[in-house]
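Student: Pasting in a structure now, in structure tokens, and then I'll have a few things to ask.
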Amino acid sequence: MKQIRILFIIFLIIVFFTGMYVTYAYRNGNKKEGFAANSSCPNLLVKKGNVLMLYNTNKPIVDGENPIPFFNLDEYIHYLENQRKNGVQCPILYLQQESNTQGQDVYRMRPSPFDQQGGLPTMTTLYKESDLPKEIVKALDASRENEPYNSGNYNGFDSQGLHVGVYTDIDLIHDSTKQNSISDNPMDPNWAGVTYTQQMVDSGKYEENNITRPVLYTPKNGSFNPNLPTIVKPPVDIL
């Protein structure tokens, strides 16, 4: 027991001096910032019309060298990829030439040429489609209860919003047409157009959904034969 206590004290002493050494070396060592100041590094990107101009404000203006023109965004992306392959990452301020309400040309700061929404993200982060499998919830609908009388009916209107935020079996039926390459449903993003939908209707795909006037009674055609034995009296003509 005494030997274990001595080893534990030695371990604490080693940890203490190691911590002091690391702290002292960090305070007095060379701390390199993420973006070091470099006079050869371009630091200003200006968009004038459809042309991107990359400036190095630490060097004099030279045609074709400073600024470096990019006539489309692909050229600038290719330039960035080459710079990053060489280990060069420069902090660049992006300005875009615009016209204000007075018709004057002004330069406004934007996050980058890839995101020009004035600091706002290009896509909202409030809602994101989950990659996890959705839990299918059976829709509650009183208009389809008391089987077999109400079986096969269409779902009633959810006036109270009971199914908001849940994935029901009705949603599953609606999304089933999105799985194909093309769809005849105009509400799907992969809708093939009016002509394709009309072709599906003409082919009889939705024949069971046709609505016609109900026929309540169809009388049977027959004739009266007086030679056959029957308890029914023959018709009497009233003149």
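In the structure tokens, chains take the letters A, B, ... in the order shown, each chain's residues start at 1, and ligands count up from 1 in the order shown.
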Find the residues around Pro186 in chain A up to 12 Å (only C-alpha atoms counted), leave out those fewer than 4 positions away in its own chain, and share them as a list of chain:residue names.
Tutor: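 After dropping sequence-adjacent residues, the list is A:His174, A:Thr177, A:Lys178, A:Ile182, A:Asn190, A:Trp191, A:Ala192, A:Gly193, A:Val194, A:Thr195, A:Tyr196, A:Thr197, A:Gln198.
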Student: So which residues of range 74-226 of chain A fall under strand (DSSP E or B) by DSSP, listed as JSON, numbers by chain?
Tutor: {"A": [93, 94, 95, 96, 97, 98, 99, 105, 106, 107, 108, 109, 110, 112, 115, 136, 137, 167, 168, 183, 191]}
Student: Could those selected residues go to a file with N, CA and C atoms, as a PDB file, in the first residue's frame?
Tutor:
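Written output follows (result.pdb):
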ATOM      1  N   LEU A  93     -11.029  40.245 -49.167  1.00  0.00           N
ATOM      2  CA  LEU A  93     -12.243  41.033 -48.993  1.00  0.00           C
ATOM      3  C   LEU A  93     -12.962  41.120 -50.336  1.00  0.00           C
ATOM      4  N   TYR A  94     -14.259  40.787 -50.334  1.00  0.00           N
ATOM      5  CA  TYR A  94     -15.022  40.778 -51.583  1.00  0.00           C
ATOM      6  C   TYR A  94     -15.954  41.975 -51.619  1.00  0.00           C
ATOM      7  N   LEU A  95     -15.840  42.780 -52.682  1.00  0.00           N
ATOM      8  CA  LEU A  95     -16.702  43.937 -52.911  1.00  0.00           C
ATOM      9  C   LEU A  95     -17.404  43.764 -54.253  1.00  0.00           C
ATOM     10  N   GLN A  96     -18.642  44.206 -54.300  1.00  0.00           N
ATOM     11  CA  GLN A  96     -19.431  44.096 -55.524  1.00  0.00           C
ATOM     12  C   GLN A  96     -19.937  45.477 -55.918  1.00  0.00           C
ATOM     13  N   GLN A  97     -19.720  45.830 -57.170  1.00  0.00           N
ATOM     14  CA  GLN A  97     -20.171  47.123 -57.674  1.00  0.00           C
ATOM     15  C   GLN A  97     -21.667  47.077 -57.953  1.00  0.00           C
ATOM     16  N   GLU A  98     -22.399  48.002 -57.333  1.00  0.00           N
ATOM     17  CA  GLU A  98     -23.841  48.062 -57.487  1.00  0.00           C
ATOM     18  C   GLU A  98     -24.269  49.509 -57.672  1.00  0.00           C
ATOM     19  N   SER A  99     -25.520  49.691 -58.021  1.00  0.00           N
ATOM     20  CA  SER A  99     -26.102  51.025 -58.175  1.00  0.00           C
ATOM     21  C   SER A  99     -27.155  51.218 -57.098  1.00  0.00           C
ATOM     22  N   ASP A 105     -22.900  54.597 -58.495  1.00  0.00           N
ATOM     23  CA  ASP A 105     -22.166  53.333 -58.372  1.00  0.00           C
ATOM     24  C   ASP A 105     -21.520  53.252 -56.999  1.00  0.00           C
ATOM     25  N   VAL A 106     -21.834  52.223 -56.263  1.00  0.00           N
ATOM     26  CA  VAL A 106     -21.283  52.008 -54.929  1.00  0.00           C
ATOM     27  C   VAL A 106     -20.714  50.600 -54.864  1.00  0.00           C
ATOM     28  N   TYR A 107     -19.844  50.380 -53.883  1.00  0.00           N
ATOM     29  CA  TYR A 107     -19.248  49.063 -53.655  1.00  0.00           C
ATOM     30  C   TYR A 107     -19.752  48.547 -52.313  1.00  0.00           C
ATOM     31  N   ARG A 108     -20.373  47.397 -52.358  1.00  0.00           N
ATOM     32  CA  ARG A 108     -20.914  46.800 -51.147  1.00  0.00           C
ATOM     33  C   ARG A 108     -20.170  45.506 -50.841  1.00  0.00           C
ATOM     34  N   MET A 109     -19.934  45.310 -49.551  1.00  0.00           N
ATOM     35  CA  MET A 109     -19.217  44.117 -49.114  1.00  0.00           C
ATOM     36  C   MET A 109     -20.172  42.927 -49.076  1.00  0.00           C
ATOM     37  N   ARG A 110     -19.730  41.841 -49.663  1.00  0.00           N
ATOM     38  CA  ARG A 110     -20.480  40.594 -49.669  1.00  0.00           C
ATOM     39  C   ARG A 110     -19.611  39.492 -49.080  1.00  0.00           C
ATOM     40  N   SER A 112     -18.871  36.456 -50.188  1.00  0.00           N
ATOM     41  CA  SER A 112     -18.010  35.853 -51.202  1.00  0.00           C
ATOM     42  C   SER A 112     -18.762  35.891 -52.523  1.00  0.00           C
ATOM     43  N   ASP A 115     -21.680  33.509 -52.394  1.00  0.00           N
ATOM     44  CA  ASP A 115     -22.795  33.804 -51.495  1.00  0.00           C
ATOM     45  C   ASP A 115     -22.940  35.316 -51.422  1.00  0.00           C
ATOM     46  N   ILE A 136     -43.992   6.176 -40.325  1.00  0.00           N
ATOM     47  CA  ILE A 136     -45.298   6.335 -40.955  1.00  0.00           C
ATOM     48  C   ILE A 136     -46.383   6.220 -39.885  1.00  0.00           C
ATOM     49  N   VAL A 137     -47.206   7.259 -39.780  1.00  0.00           N
ATOM     50  CA  VAL A 137     -48.294   7.315 -38.804  1.00  0.00           C
ATOM     51  C   VAL A 137     -49.613   7.147 -39.549  1.00  0.00           C
ATOM     52  N   TYR A 167     -45.616  12.275 -40.675  1.00  0.00           N
ATOM     53  CA  TYR A 167     -45.648  11.632 -41.993  1.00  0.00           C
ATOM     54  C   TYR A 167     -46.662  10.508 -41.932  1.00  0.00           C
ATOM     55  N   THR A 168     -47.809  10.714 -42.568  1.00  0.00           N
ATOM     56  CA  THR A 168     -48.898   9.751 -42.506  1.00  0.00           C
ATOM     57  C   THR A 168     -48.866   8.814 -43.706  1.00  0.00           C
ATOM     58  N   SER A 183     -43.362  11.483 -63.780  1.00  0.00           N
ATOM     59  CA  SER A 183     -44.631  11.299 -63.087  1.00  0.00           C
ATOM     60  C   SER A 183     -45.737  11.988 -63.872  1.00  0.00           C
ATOM     61  N   TRP A 191     -42.760  15.954 -62.818  1.00  0.00           N
ATOM     62  CA  TRP A 191     -43.929  15.859 -63.696  1.00  0.00           C
ATOM     63  C   TRP A 191     -43.493  15.921 -65.149  1.00  0.00           C
TER      64      TRP A 191
END
Student: Quick one, how far is CA of Ser203 in chain A from CA of Ile170 in chain A?
Tutor: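 CA of Ile170 in chain A lies at a distance of 24.9 Å from CA of Ser203 in chain A.
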Student: Show which residues sit within 6 Å of Phe70 in chain A, as a ChimeraX atom specification. Count only C-alpha atoms, and ignore same-chain residues fewer than 4 positions away.
Tutor: /A:51-52,75-76
Student: Could you write those residues out with C-alpha atoms, as a PDB file, in the first residue's frame?
Tutor:
ATOM      1  CA  VAL A  51     -15.762  40.564 -64.474  1.00  0.00           C
ATOM      2  CA  LEU A  52     -14.002  39.664 -61.215  1.00  0.00           C
ATOM      3  CA  GLU A  75     -11.832  30.858 -63.915  1.00  0.00           C
ATOM      4  CA  TYR A  76     -11.747  32.176 -60.350  1.00  0.00           C
TER       5      TYR A  76
END
Student: If you run DSSP over the backbone, which residues in range 106-221 of chain A end up helix (DSSP H, G or I)? Put them as an NGL selection string.
Tutor: :A and (142-144 or 169-179 or 194-202 or 207-209)
Student: Please list as a PyMOL selection string every residue within 12 Å of Gly156 in chain A, counting only C-alpha atoms and excluding residues in the same chain fewer than 5 positions away.
Tutor: chain A and resi 139-145+150+161+170
Student: Find the distance between CA of Pro67 in chain A and CA of Asn100 in chain A and write it in Å to one decimal.
Tutor: 25.1 Å
Student: Using only C-alpha atoms, can you tell me which of A:Pro229, A:Gly152, A:Leu162, A:Phe16 comes closest to Glu208 in chain A?
Tutor: A:Gly152
Student: If we count only C-alpha atoms, what is near range 55-64 of chain A at a cut-off of 6 Å, once residues fewer than 6 positions away on the same chain are taken out, given as a list in words?
Tutor: Ser39, Pro42, Asn43 and Leu44 of chain A
Student: Using N, CA and C atoms, can you write the selected residues to a file as a PDB file, in the first residue's frame?
Tutor:
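Output below, filename out_31.pdb:
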ATOM      1  N   SER A  39       2.905  40.136 -48.214  1.00  0.00           N
ATOM      2  CA  SER A  39       2.776  41.216 -49.195  1.00  0.00           C
ATOM      3  C   SER A  39       2.481  40.691 -50.591  1.00  0.00           C
ATOM      4  N   PRO A  42      -2.820  38.358 -52.674  1.00  0.00           N
ATOM      5  CA  PRO A  42      -3.934  39.243 -53.042  1.00  0.00           C
ATOM      6  C   PRO A  42      -4.957  39.299 -51.920  1.00  0.00           C
ATOM      7  N   ASN A  43      -5.514  40.481 -51.718  1.00  0.00           N
ATOM      8  CA  ASN A  43      -6.384  40.677 -50.562  1.00  0.00           C
ATOM      9  C   ASN A  43      -7.696  41.380 -50.883  1.00  0.00           C
ATOM     10  N   LEU A  44      -7.976  41.643 -52.156  1.00  0.00           N
ATOM     11  CA  LEU A  44      -9.200  42.353 -52.505  1.00  0.00           C
ATOM     12  C   LEU A  44      -9.752  41.807 -53.816  1.00  0.00           C
TER      13      LEU A  44
END
